[in-house]
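Shown here: entry31.pdb, PDB, C-alpha atoms and all ligand atoms.
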ATOM      1  CA  MET B   1      45.796 -54.007  21.630  1.00  0.00           C
ATOM      2  CA  ALA B   2      42.280 -55.034  22.734  1.00  0.00           C
ATOM      3  CA  LYS B   3      40.410 -52.408  24.788  1.00  0.00           C
ATOM      4  CA  ASN B   4      40.022 -54.777  27.785  1.00  0.00           C
ATOM      5  CA  LYS B   5      43.775 -55.381  27.913  1.00  0.00           C
ATOM      6  CA  LEU B   6      44.451 -51.626  27.703  1.00  0.00           C
ATOM      7  CA  ASN B   7      42.073 -51.034  30.623  1.00  0.00           C
ATOM      8  CA  LYS B   8      43.721 -53.809  32.669  1.00  0.00           C
ATOM      9  CA  ASN B   9      47.200 -52.371  31.976  1.00  0.00           C
ATOM     10  CA  TRP B  10      46.012 -48.897  32.991  1.00  0.00           C
ATOM     11  CA  LEU B  11      44.474 -50.264  36.203  1.00  0.00           C
ATOM     12  CA  HIS B  12      47.668 -52.184  37.030  1.00  0.00           C
ATOM     13  CA  ASP B  13      49.834 -49.069  36.451  1.00  0.00           C
ATOM     14  CA  HIS B  14      47.394 -46.911  38.436  1.00  0.00           C
ATOM     15  CA  ILE B  15      47.250 -49.204  41.488  1.00  0.00           C
ATOM     16  CA  ASN B  16      51.053 -49.544  41.596  1.00  0.00           C
ATOM     17  CA  ASP B  17      51.800 -45.884  40.935  1.00  0.00           C
ATOM     18  CA  PRO B  18      53.714 -44.398  43.907  1.00  0.00           C
ATOM     19  CA  TYR B  19      52.147 -40.969  43.293  1.00  0.00           C
ATOM     20  CA  VAL B  20      48.628 -42.433  43.485  1.00  0.00           C
ATOM     21  CA  LYS B  21      49.506 -44.023  46.858  1.00  0.00           C
ATOM     22  CA  GLN B  22      51.139 -40.806  48.079  1.00  0.00           C
ATOM     23  CA  ALA B  23      48.106 -38.739  46.995  1.00  0.00           C
ATOM     24  CA  GLN B  24      45.839 -41.005  49.060  1.00  0.00           C
ATOM     25  CA  LYS B  25      48.113 -40.573  52.094  1.00  0.00           C
ATOM     26  CA  ASP B  26      48.390 -36.792  51.677  1.00  0.00           C
ATOM     27  CA  GLY B  27      44.673 -36.308  51.011  1.00  0.00           C
ATOM     28  CA  PHE B  28      45.072 -35.013  47.457  1.00  0.00           C
ATOM     29  CA  ARG B  29      42.247 -35.701  45.031  1.00  0.00           C
ATOM     30  CA  ALA B  30      44.629 -36.588  42.197  1.00  0.00           C
ATOM     31  CA  ARG B  31      48.282 -37.528  41.655  1.00  0.00           C
ATOM     32  CA  ALA B  32      48.524 -34.376  39.485  1.00  0.00           C
ATOM     33  CA  ALA B  33      49.197 -32.423  42.707  1.00  0.00           C
ATOM     34  CA  TYR B  34      52.798 -33.707  42.647  1.00  0.00           C
ATOM     35  CA  LYS B  35      53.431 -32.283  39.167  1.00  0.00           C
ATOM     36  CA  LEU B  36      52.562 -28.811  40.411  1.00  0.00           C
ATOM     37  CA  LYS B  37      54.435 -29.383  43.711  1.00  0.00           C
ATOM     38  CA  GLU B  38      57.618 -30.351  41.884  1.00  0.00           C
ATOM     39  CA  ILE B  39      57.416 -27.394  39.493  1.00  0.00           C
ATOM     40  CA  ASP B  40      56.564 -25.011  42.326  1.00  0.00           C
ATOM     41  CA  GLU B  41      59.453 -26.211  44.494  1.00  0.00           C
ATOM     42  CA  ALA B  42      61.923 -25.797  41.633  1.00  0.00           C
ATOM     43  CA  GLU B  43      60.575 -22.489  40.312  1.00  0.00           C
ATOM     44  CA  LYS B  44      59.276 -20.841  43.528  1.00  0.00           C
ATOM     45  CA  LEU B  45      55.980 -19.963  41.872  1.00  0.00           C
ATOM     46  CA  ILE B  46      53.437 -19.906  44.687  1.00  0.00           C
ATOM     47  CA  LYS B  47      53.826 -17.349  47.462  1.00  0.00           C
ATOM     48  CA  GLN B  48      51.637 -15.997  50.253  1.00  0.00           C
ATOM     49  CA  GLY B  49      49.448 -13.043  49.291  1.00  0.00           C
ATOM     50  CA  GLN B  50      49.211 -13.973  45.608  1.00  0.00           C
ATOM     51  CA  VAL B  51      46.164 -13.969  43.341  1.00  0.00           C
ATOM     52  CA  ILE B  52      46.153 -17.301  41.490  1.00  0.00           C
ATOM     53  CA  VAL B  53      43.860 -18.576  38.713  1.00  0.00           C
ATOM     54  CA  ASP B  54      43.622 -22.367  38.230  1.00  0.00           C
ATOM     55  CA  LEU B  55      42.158 -23.228  34.790  1.00  0.00           C
ATOM     56  CA  GLY B  56      40.808 -26.771  34.421  1.00  0.00           C
ATOM     57  CA  CYS B  57      40.799 -27.229  38.204  1.00  0.00           C
ATOM     58  CA  THR B  58      38.561 -30.327  38.644  1.00  0.00           C
ATOM     59  CA  PRO B  59      38.854 -32.601  40.615  1.00  0.00           C
ATOM     60  CA  GLY B  60      40.925 -30.065  42.560  1.00  0.00           C
ATOM     61  CA  SER B  61      44.378 -31.378  43.493  1.00  0.00           C
ATOM     62  CA  TRP B  62      46.218 -28.293  42.173  1.00  0.00           C
ATOM     63  CA  ALA B  63      43.770 -26.072  44.056  1.00  0.00           C
ATOM     64  CA  GLN B  64      44.315 -28.177  47.212  1.00  0.00           C
ATOM     65  CA  TYR B  65      48.108 -27.844  46.887  1.00  0.00           C
ATOM     66  CA  THR B  66      47.841 -24.098  46.193  1.00  0.00           C
ATOM     67  CA  ARG B  67      45.499 -23.656  49.142  1.00  0.00           C
ATOM     68  CA  ARG B  68      47.963 -25.426  51.463  1.00  0.00           C
ATOM     69  CA  LYS B  69      50.742 -23.085  50.257  1.00  0.00           C
ATOM     70  CA  LEU B  70      48.645 -19.988  50.944  1.00  0.00           C
ATOM     71  CA  ALA B  71      47.268 -21.213  54.280  1.00  0.00           C
ATOM     72  CA  GLY B  72      48.214 -19.276  57.408  1.00  0.00           C
ATOM     73  CA  LYS B  73      50.357 -20.953  60.084  1.00  0.00           C
ATOM     74  CA  GLU B  74      47.460 -21.204  62.575  1.00  0.00           C
ATOM     75  CA  GLY B  75      45.316 -23.124  60.101  1.00  0.00           C
ATOM     76  CA  GLY B  76      42.851 -20.250  59.597  1.00  0.00           C
ATOM     77  CA  GLY B  77      41.944 -18.901  56.178  1.00  0.00           C
ATOM     78  CA  ILE B  78      44.382 -18.206  53.377  1.00  0.00           C
ATOM     79  CA  ASN B  79      46.596 -15.253  52.655  1.00  0.00           C
ATOM     80  CA  GLY B  80      45.789 -14.714  48.992  1.00  0.00           C
ATOM     81  CA  THR B  81      43.107 -15.553  46.438  1.00  0.00           C
ATOM     82  CA  ILE B  82      42.533 -18.762  44.485  1.00  0.00           C
ATOM     83  CA  ILE B  83      40.029 -18.870  41.647  1.00  0.00           C
ATOM     84  CA  GLY B  84      39.395 -22.253  40.011  1.00  0.00           C
ATOM     85  CA  LEU B  85      37.487 -22.814  36.783  1.00  0.00           C
ATOM     86  CA  ASP B  86      36.307 -25.984  35.069  1.00  0.00           C
ATOM     87  CA  ILE B  87      33.528 -27.224  32.787  1.00  0.00           C
ATOM     88  CA  LEU B  88      32.999 -30.064  35.246  1.00  0.00           C
ATOM     89  CA  PRO B  89      31.679 -29.596  38.767  1.00  0.00           C
ATOM     90  CA  MET B  90      34.191 -29.636  41.629  1.00  0.00           C
ATOM     91  CA  GLU B  91      33.645 -30.666  45.245  1.00  0.00           C
ATOM     92  CA  PRO B  92      34.126 -27.447  47.223  1.00  0.00           C
ATOM     93  CA  ILE B  93      37.555 -26.617  48.709  1.00  0.00           C
ATOM     94  CA  ALA B  94      37.608 -24.082  51.543  1.00  0.00           C
ATOM     95  CA  ASP B  95      38.770 -20.620  50.402  1.00  0.00           C
ATOM     96  CA  VAL B  96      38.818 -21.588  46.711  1.00  0.00           C
ATOM     97  CA  HIS B  97      36.453 -19.518  44.587  1.00  0.00           C
ATOM     98  CA  TYR B  98      35.153 -22.008  42.022  1.00  0.00           C
ATOM     99  CA  ILE B  99      33.478 -21.089  38.726  1.00  0.00           C
ATOM    100  CA  GLN B 100      31.811 -23.761  36.608  1.00  0.00           C
ATOM    101  CA  GLY B 101      32.034 -22.933  32.912  1.00  0.00           C
ATOM    102  CA  ASP B 102      33.764 -23.382  29.582  1.00  0.00           C
ATOM    103  CA  PHE B 103      36.914 -21.259  29.321  1.00  0.00           C
ATOM    104  CA  ARG B 104      36.262 -20.845  25.563  1.00  0.00           C
ATOM    105  CA  GLU B 105      33.109 -18.791  26.253  1.00  0.00           C
ATOM    106  CA  ASP B 106      33.197 -14.975  26.607  1.00  0.00           C
ATOM    107  CA  VAL B 107      30.539 -15.054  29.306  1.00  0.00           C
ATOM    108  CA  VAL B 108      32.799 -17.281  31.437  1.00  0.00           C
ATOM    109  CA  LEU B 109      35.787 -14.980  30.883  1.00  0.00           C
ATOM    110  CA  ASP B 110      33.605 -12.106  32.073  1.00  0.00           C
ATOM    111  CA  GLN B 111      32.681 -14.122  35.180  1.00  0.00           C
ATOM    112  CA  LEU B 112      36.380 -14.650  35.922  1.00  0.00           C
ATOM    113  CA  ALA B 113      37.059 -10.943  35.377  1.00  0.00           C
ATOM    114  CA  ALA B 114      34.209 -10.073  37.756  1.00  0.00           C
ATOM    115  CA  VAL B 115      35.726 -12.200  40.527  1.00  0.00           C
ATOM    116  CA  LEU B 116      39.121 -10.593  39.939  1.00  0.00           C
ATOM    117  CA  GLU B 117      37.529  -7.130  40.437  1.00  0.00           C
ATOM    118  CA  GLY B 118      40.268  -5.419  38.444  1.00  0.00           C
ATOM    119  CA  ARG B 119      43.122  -7.112  40.324  1.00  0.00           C
ATOM    120  CA  ARG B 120      45.875  -8.527  38.139  1.00  0.00           C
ATOM    121  CA  THR B 121      46.936 -12.095  38.943  1.00  0.00           C
ATOM    122  CA  ASP B 122      50.401 -13.267  39.966  1.00  0.00           C
ATOM    123  CA  LEU B 123      50.049 -16.727  38.505  1.00  0.00           C
ATOM    124  CA  VAL B 124      47.823 -18.429  35.926  1.00  0.00           C
ATOM    125  CA  LEU B 125      47.875 -22.238  35.976  1.00  0.00           C
ATOM    126  CA  SER B 126      46.332 -24.316  33.226  1.00  0.00           C
ATOM    127  CA  ASP B 127      46.089 -28.090  33.427  1.00  0.00           C
ATOM    128  CA  MET B 128      43.246 -28.001  30.871  1.00  0.00           C
ATOM    129  CA  ALA B 129      43.096 -30.807  28.349  1.00  0.00           C
ATOM    130  CA  PRO B 130      40.320 -31.162  25.766  1.00  0.00           C
ATOM    131  CA  ASN B 131      38.305 -34.339  25.252  1.00  0.00           C
ATOM    132  CA  LEU B 132      40.312 -36.240  22.655  1.00  0.00           C
ATOM    133  CA  SER B 133      38.707 -37.330  19.381  1.00  0.00           C
ATOM    134  CA  GLY B 134      41.589 -39.602  18.345  1.00  0.00           C
ATOM    135  CA  ILE B 135      42.074 -37.525  15.174  1.00  0.00           C
ATOM    136  CA  PRO B 136      45.584 -36.085  15.684  1.00  0.00           C
ATOM    137  CA  THR B 137      45.129 -32.807  13.741  1.00  0.00           C
ATOM    138  CA  ALA B 138      41.770 -32.078  15.388  1.00  0.00           C
ATOM    139  CA  ASP B 139      43.133 -32.848  18.873  1.00  0.00           C
ATOM    140  CA  ALA B 140      46.213 -30.679  18.296  1.00  0.00           C
ATOM    141  CA  ALA B 141      43.966 -27.803  17.143  1.00  0.00           C
ATOM    142  CA  ARG B 142      41.777 -28.108  20.271  1.00  0.00           C
ATOM    143  CA  MET B 143      44.808 -28.149  22.554  1.00  0.00           C
ATOM    144  CA  GLU B 144      46.361 -25.163  20.787  1.00  0.00           C
ATOM    145  CA  HIS B 145      43.102 -23.246  21.026  1.00  0.00           C
ATOM    146  CA  LEU B 146      42.896 -23.726  24.812  1.00  0.00           C
ATOM    147  CA  ILE B 147      46.522 -22.616  25.209  1.00  0.00           C
ATOM    148  CA  ASP B 148      45.998 -19.582  22.924  1.00  0.00           C
ATOM    149  CA  LEU B 149      43.104 -18.578  25.169  1.00  0.00           C
ATOM    150  CA  ALA B 150      45.232 -19.050  28.307  1.00  0.00           C
ATOM    151  CA  ILE B 151      47.909 -16.787  26.767  1.00  0.00           C
ATOM    152  CA  GLU B 152      45.288 -14.139  25.820  1.00  0.00           C
ATOM    153  CA  PHE B 153      43.806 -14.334  29.315  1.00  0.00           C
ATOM    154  CA  SER B 154      47.283 -13.840  30.797  1.00  0.00           C
ATOM    155  CA  GLN B 155      47.954 -10.800  28.602  1.00  0.00           C
ATOM    156  CA  MET B 156      44.816  -9.199  30.019  1.00  0.00           C
ATOM    157  CA  HIS B 157      44.939 -10.348  33.618  1.00  0.00           C
ATOM    158  CA  LEU B 158      48.529 -11.169  34.659  1.00  0.00           C
ATOM    159  CA  LYS B 159      50.759  -8.701  36.424  1.00  0.00           C
ATOM    160  CA  PRO B 160      53.539  -7.693  34.027  1.00  0.00           C
ATOM    161  CA  GLY B 161      55.991  -9.776  36.087  1.00  0.00           C
ATOM    162  CA  GLY B 162      53.581 -12.701  36.547  1.00  0.00           C
ATOM    163  CA  ALA B 163      53.794 -16.269  35.299  1.00  0.00           C
ATOM    164  CA  LEU B 164      51.716 -18.651  33.180  1.00  0.00           C
ATOM    165  CA  LEU B 165      52.144 -22.413  33.573  1.00  0.00           C
ATOM    166  CA  VAL B 166      50.344 -24.598  30.999  1.00  0.00           C
ATOM    167  CA  LYS B 167      50.122 -28.288  30.314  1.00  0.00           C
ATOM    168  CA  CYS B 168      50.990 -29.213  26.702  1.00  0.00           C
ATOM    169  CA  PHE B 169      51.585 -32.422  24.774  1.00  0.00           C
ATOM    170  CA  LYS B 170      54.683 -32.827  22.615  1.00  0.00           C
ATOM    171  CA  ASP B 171      52.605 -34.395  19.850  1.00  0.00           C
ATOM    172  CA  MET B 172      49.935 -31.666  19.828  1.00  0.00           C
ATOM    173  CA  GLY B 173      51.179 -28.534  18.101  1.00  0.00           C
ATOM    174  CA  PHE B 174      53.988 -28.142  20.638  1.00  0.00           C
ATOM    175  CA  THR B 175      56.485 -26.301  18.392  1.00  0.00           C
ATOM    176  CA  GLN B 176      53.917 -23.612  17.498  1.00  0.00           C
ATOM    177  CA  ILE B 177      52.885 -23.262  21.143  1.00  0.00           C
ATOM    178  CA  VAL B 178      56.513 -22.719  22.224  1.00  0.00           C
ATOM    179  CA  GLU B 179      56.866 -20.057  19.494  1.00  0.00           C
ATOM    180  CA  LYS B 180      53.789 -18.231  20.795  1.00  0.00           C
ATOM    181  CA  PHE B 181      55.122 -18.384  24.354  1.00  0.00           C
ATOM    182  CA  ARG B 182      58.433 -16.894  23.178  1.00  0.00           C
ATOM    183  CA  LEU B 183      56.551 -14.020  21.487  1.00  0.00           C
ATOM    184  CA  GLU B 184      54.576 -13.196  24.621  1.00  0.00           C
ATOM    185  CA  PHE B 185      56.912 -13.989  27.555  1.00  0.00           C
ATOM    186  CA  LYS B 186      60.380 -12.753  28.464  1.00  0.00           C
ATOM    187  CA  THR B 187      61.516 -16.207  29.627  1.00  0.00           C
ATOM    188  CA  VAL B 188      60.122 -19.584  28.607  1.00  0.00           C
ATOM    189  CA  LYS B 189      60.988 -22.937  30.180  1.00  0.00           C
ATOM    190  CA  GLN B 190      59.973 -26.488  29.258  1.00  0.00           C
ATOM    191  CA  ILE B 191      59.464 -28.737  32.291  1.00  0.00           C
ATOM    192  CA  LYS B 192      58.783 -32.481  32.493  1.00  0.00           C
ATOM    193  CA  PRO B 193      58.160 -33.240  36.181  1.00  0.00           C
ATOM    194  CA  LYS B 194      58.974 -36.743  37.454  1.00  0.00           C
ATOM    195  CA  ALA B 195      55.323 -37.189  38.398  1.00  0.00           C
ATOM    196  CA  SER B 196      54.384 -36.842  34.705  1.00  0.00           C
ATOM    197  CA  ARG B 197      54.364 -40.381  33.312  1.00  0.00           C
ATOM    198  CA  ASP B 198      57.344 -41.197  31.052  1.00  0.00           C
ATOM    199  CA  LYS B 199      55.137 -42.753  28.407  1.00  0.00           C
ATOM    200  CA  SER B 200      52.972 -39.627  28.183  1.00  0.00           C
ATOM    201  CA  SER B 201      54.024 -36.816  25.826  1.00  0.00           C
ATOM    202  CA  GLU B 202      52.814 -34.369  28.487  1.00  0.00           C
ATOM    203  CA  ILE B 203      55.136 -31.459  29.191  1.00  0.00           C
ATOM    204  CA  PHE B 204      54.651 -28.109  30.937  1.00  0.00           C
ATOM    205  CA  LEU B 205      55.562 -24.679  29.636  1.00  0.00           C
ATOM    206  CA  LEU B 206      56.331 -21.878  32.042  1.00  0.00           C
ATOM    207  CA  GLY B 207      56.321 -18.308  30.743  1.00  0.00           C
ATOM    208  CA  ARG B 208      57.427 -15.450  32.996  1.00  0.00           C
ATOM    209  CA  GLY B 209      57.193 -11.703  32.439  1.00  0.00           C
ATOM    210  CA  LEU B 210      54.710 -10.427  29.849  1.00  0.00           C
ATOM    211  CA  LYS B 211      56.123  -8.704  26.783  1.00  0.00           C
ATOM    212  CA  ASN B 212      52.744  -7.269  25.691  1.00  0.00           C
ATOM    213  CA  PRO B 213      50.266  -6.823  28.562  1.00  0.00           C
ATOM    214  CA  VAL B 214      46.913  -5.444  27.362  1.00  0.00           C
ATOM    215  CA  GLU B 215      43.918  -3.916  29.081  1.00  0.00           C
ATOM    216  CA  TYR B 216      40.945  -6.194  29.706  1.00  0.00           C
ATOM    217  CA  LYS B 217      37.718  -5.359  27.857  1.00  0.00           C
ATOM    218  CA  SER B 218      34.644  -7.543  28.179  1.00  0.00           C
ATOM    219  CA  ALA B 219      32.514  -8.432  25.131  1.00  0.00           C
ATOM    220  CA  GLN B 220      29.944  -5.954  26.487  1.00  0.00           C
ATOM    221  CA  ASP B 221      32.519  -3.134  26.625  1.00  0.00           C
ATOM    222  CA  ASP B 222      32.935  -3.666  22.880  1.00  0.00           C
ATOM    223  CA  GLY B 223      29.186  -3.096  22.458  1.00  0.00           C
ATOM    224  CA  ALA B 224      29.039  -6.497  20.773  1.00  0.00           C
ATOM    225  CA  ALA B 225      25.761  -7.924  21.966  1.00  0.00           C
ATOM    226  CA  LEU B 226      23.525  -5.130  23.226  1.00  0.00           C
ATOM    227  CA  ASP B 227      19.909  -5.734  22.216  1.00  0.00           C
ATOM    228  CA  ILE B 228      18.090  -2.621  23.484  1.00  0.00           C
TER     229      ILE B 228
HETATM  230  C1  LIG X 301      43.775 -33.055  33.908  1.00  0.00           C
HETATM  231  S1  LIG X 301      42.288 -32.351  34.448  1.00  0.00           S
HETATM  232  C2  LIG X 301      42.823 -31.173  35.632  1.00  0.00           C
HETATM  233  C3  LIG X 301      43.273 -31.762  36.943  1.00  0.00           C
HETATM  234  C4  LIG X 301      43.480 -30.696  38.010  1.00  0.00           C
HETATM  235  N1  LIG X 301      44.614 -29.828  37.713  1.00  0.00           N
HETATM  236  C5  LIG X 301      43.736 -31.315  39.362  1.00  0.00           C
HETATM  237  O1  LIG X 301      44.856 -31.229  39.846  1.00  0.00           O
HETATM  238  O2  LIG X 301      42.799 -31.863  39.960  1.00  0.00           O
HETATM  239  C6  LIG X 301      41.834 -31.321  33.105  1.00  0.00           C
HETATM  240  C7  LIG X 301      40.571 -30.523  33.329  1.00  0.00           C
HETATM  241  O3  LIG X 301      40.439 -29.570  32.277  1.00  0.00           O
HETATM  242  C8  LIG X 301      39.047 -29.309  32.136  1.00  0.00           C
HETATM  243  N2  LIG X 301      38.777 -28.612  30.880  1.00  0.00           N
HETATM  244  C9  LIG X 301      39.015 -29.048  29.619  1.00  0.00           C
HETATM  245  N3  LIG X 301      38.584 -28.143  28.720  1.00  0.00           N
HETATM  246  C10 LIG X 301      38.085 -27.095  29.435  1.00  0.00           C
HETATM  247  C11 LIG X 301      37.483 -25.856  29.081  1.00  0.00           C
HETATM  248  N4  LIG X 301      37.285 -25.513  27.788  1.00  0.00           N
HETATM  249  N5  LIG X 301      37.067 -25.016  30.055  1.00  0.00           N
HETATM  250  C12 LIG X 301      37.235 -25.369  31.372  1.00  0.00           C
HETATM  251  N6  LIG X 301      37.792 -26.536  31.768  1.00  0.00           N
HETATM  252  C13 LIG X 301      38.209 -27.393  30.816  1.00  0.00           C
HETATM  253  C14 LIG X 301      38.448 -30.712  32.195  1.00  0.00           C
HETATM  254  O4  LIG X 301      37.068 -30.663  32.494  1.00  0.00           O
HETATM  255  C15 LIG X 301      39.289 -31.380  33.281  1.00  0.00           C
HETATM  256  O5  LIG X 301      38.648 -31.341  34.533  1.00  0.00           O
END
In structure tokens, write the structure found in this file.
Amino acid sequence: MAKNKLNKNWLHDHINDPYVKQAQKDGFRARAAYKLKEIDEAEKLIKQGQVIVDLGCTPGSWAQYTRRKLAGKEGGGINGTIIGLDILPMEPIADVHYIQGDFREDVVLDQLAAVLEGRRTDLVLSDMAPNLSGIPTADAARMEHLIDLAIEFSQMHLKPGGALLVKCFKDMGFTQIVEKFRLEFKTVKQIKPKASRDKSSEIFLLGRGLKNPVEYKSAQDDGAALDI
């Protein structure tokens, strides 16, 4: 199909999408908020007082939803901690600690660890998706790499009873990713929320309860890069 026609079809679908309209009404920056809302309502993931890490947070609709769930009744601050991370800049959201950086870099992992100050998290969310090259094997490898890193991060920073929710694509190394989840988590669930477009192969994996939590060590703790 010609590129112009594809763009027109996308625009038509976008304008008529009920979740896009709802997001505008509810003040969410993206329709993606409803994917997290649906999963959260079914799985009871987000609770007051939690420490939550939101990987790939820009433009911020998951962080907005999470913030609303942790907000106090009187509309003051939040009861809990939200840390968002993305390569791209994000317009600030009150009470959300935002870090700009690439999750694949050790220095960024150390920044996240510094903000956590030794606290283990209750919930790690990852809606990260790599820039696609159009080469299926390369794209699957990039997706798998991001999810491997999210699993490693969870082993080091999740509470033993915590949960990791990641976005996957059925046509991007999905079987291997499910296997890895089963190795690392006590329960694993596949979830396709209604807000996730039918024609997309997008699916979410929810892992609960770590089988092999490990202690966090920064690259510097390993003595890897000292130049003195
Ligand atoms: C689908 S968007 C996330 C939408 C977000 N959950 C929301 O509700 O607004 C995916 C995000 O993942 C980010 N991303 C992709 N690779 C990343 C990486 N290596 N490190 C950090 N962020 C990354 C992208 O920049 C993009 O903003």
Ground truth for the PyMOL selection byres (((chain B and resi 183-196) around 10) and not hetatm), written as a CSV table (one decimal) with C-alpha atoms, in the coordinates of the input:
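Output contents, as saved in selection.csv:
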chain,number,residue,atom,x,y,z
B,17,ASP,CA,51.8,-45.9,40.9
B,18,PRO,CA,53.7,-44.4,43.9
B,19,TYR,CA,52.1,-41.0,43.3
B,20,VAL,CA,48.6,-42.4,43.5
B,31,ARG,CA,48.3,-37.5,41.7
B,32,ALA,CA,48.5,-34.4,39.5
B,33,ALA,CA,49.2,-32.4,42.7
B,34,TYR,CA,52.8,-33.7,42.6
B,35,LYS,CA,53.4,-32.3,39.2
B,36,LEU,CA,52.6,-28.8,40.4
B,37,LYS,CA,54.4,-29.4,43.7
B,38,GLU,CA,57.6,-30.4,41.9
B,39,ILE,CA,57.4,-27.4,39.5
B,42,ALA,CA,61.9,-25.8,41.6
B,151,ILE,CA,47.9,-16.8,26.8
B,152,GLU,CA,45.3,-14.1,25.8
B,154,SER,CA,47.3,-13.8,30.8
B,155,GLN,CA,48.0,-10.8,28.6
B,160,PRO,CA,53.5,-7.7,34.0
B,161,GLY,CA,56.0,-9.8,36.1
B,162,GLY,CA,53.6,-12.7,36.5
B,163,ALA,CA,53.8,-16.3,35.3
B,164,LEU,CA,51.7,-18.7,33.2
B,165,LEU,CA,52.1,-22.4,33.6
B,166,VAL,CA,50.3,-24.6,31.0
B,167,LYS,CA,50.1,-28.3,30.3
B,168,CYS,CA,51.0,-29.2,26.7
B,177,ILE,CA,52.9,-23.3,21.1
B,178,VAL,CA,56.5,-22.7,22.2
B,179,GLU,CA,56.9,-20.1,19.5
B,180,LYS,CA,53.8,-18.2,20.8
B,181,PHE,CA,55.1,-18.4,24.4
B,182,ARG,CA,58.4,-16.9,23.2
B,197,ARG,CA,54.4,-40.4,33.3
B,198,ASP,CA,57.3,-41.2,31.1
B,199,LYS,CA,55.1,-42.8,28.4
B,200,SER,CA,53.0,-39.6,28.2
B,201,SER,CA,54.0,-36.8,25.8
B,202,GLU,CA,52.8,-34.4,28.5
B,203,ILE,CA,55.1,-31.5,29.2
B,204,PHE,CA,54.7,-28.1,30.9
B,205,LEU,CA,55.6,-24.7,29.6
B,206,LEU,CA,56.3,-21.9,32.0
B,207,GLY,CA,56.3,-18.3,30.7
B,208,ARG,CA,57.4,-15.4,33.0
B,209,GLY,CA,57.2,-11.7,32.4
B,210,LEU,CA,54.7,-10.4,29.8
B,211,LYS,CA,56.1,-8.7,26.8
B,212,ASN,CA,52.7,-7.3,25.7
B,213,PRO,CA,50.3,-6.8,28.6
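Between CA of Leu88 in chain B and CA of Leu125 in chain B the interatomic distance comes to 16.8 Å.
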Q) Which is closer to ligand LIG 301 (chain X) than all the others in B:Ala141, B:Val108, B:Met128, B:Ile78, using all atoms listed in the file? A) B:Met128
Q | Contacts with ligand LIG 301 (chain X) at most 9 Å, all atoms listed in the file counted, listed as a ChimeraX atom specification | A | /B:28-36,54-65,85-90,100-105,108,125-131,143,146,167
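Going from CA of His145 in chain B over to CA of Gly173 in chain B, you cover 10.1 Å.
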Q | Matched chain/residue IDs from the PyMOL selection byres (((chain B and resi 120) around 12) and not hetatm), as an MDAnalysis selection string | A | chainID B and resid 50:53 81 112:119 121:124 153:163 213:216
Q) In Å, with one decimal, what is the gap from CA of Lys170 in chain B to CA of Asp40 in chain B? A) 21.3 Å
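Counting only C-alpha atoms, the residue from B:Asn79, B:Glu74, B:Asn16, B:Pro136 that sits nearest to Ile46 in chain B is B:Asn79.
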Q: Spell out the residues picked by the PyMOL selection byres (((chain B and resi 98) around 7) and not hetatm) here, as a ChimeraX atom specification.
A: /B:83-85,96-97,99-100
Let me see the file: selected residues, C-alpha atoms, as a compact mmCIF listing (two decimals), keeping the file's coordinate frame.
# COMPACT_ATOMS: atom_id res chain seq x y z
CA ILE B 83 40.03 -18.87 41.65
CA GLY B 84 39.40 -22.25 40.01
CA LEU B 85 37.49 -22.81 36.78
CA VAL B 96 38.82 -21.59 46.71
CA HIS B 97 36.45 -19.52 44.59
CA ILE B 99 33.48 -21.09 38.73
CA GLN B 100 31.81 -23.76 36.61
Kindly list the centre and edge lengths in Å, rounded to one decimal, for the axis-aligned box that covers all listed atoms of range 183-187 of chain B plus 8 Å on each of its six sides, as JSON.
{"center_x": 58.0, "center_y": -14.5, "center_z": 25.6, "size_x": 22.9, "size_y": 19.5, "size_z": 24.1}
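Proximity of B:Lys47, B:Asp95, B:Arg142, B:Ser133 to Arg67 in chain B, computed with only C-alpha atoms, is greatest for B:Asp95.
Checking B:Ala140, B:Leu132, B:Val107, B:Leu70 one by one against Gln176 in chain B, counting only C-alpha atoms, you find the shortest gap at B:Ala140.
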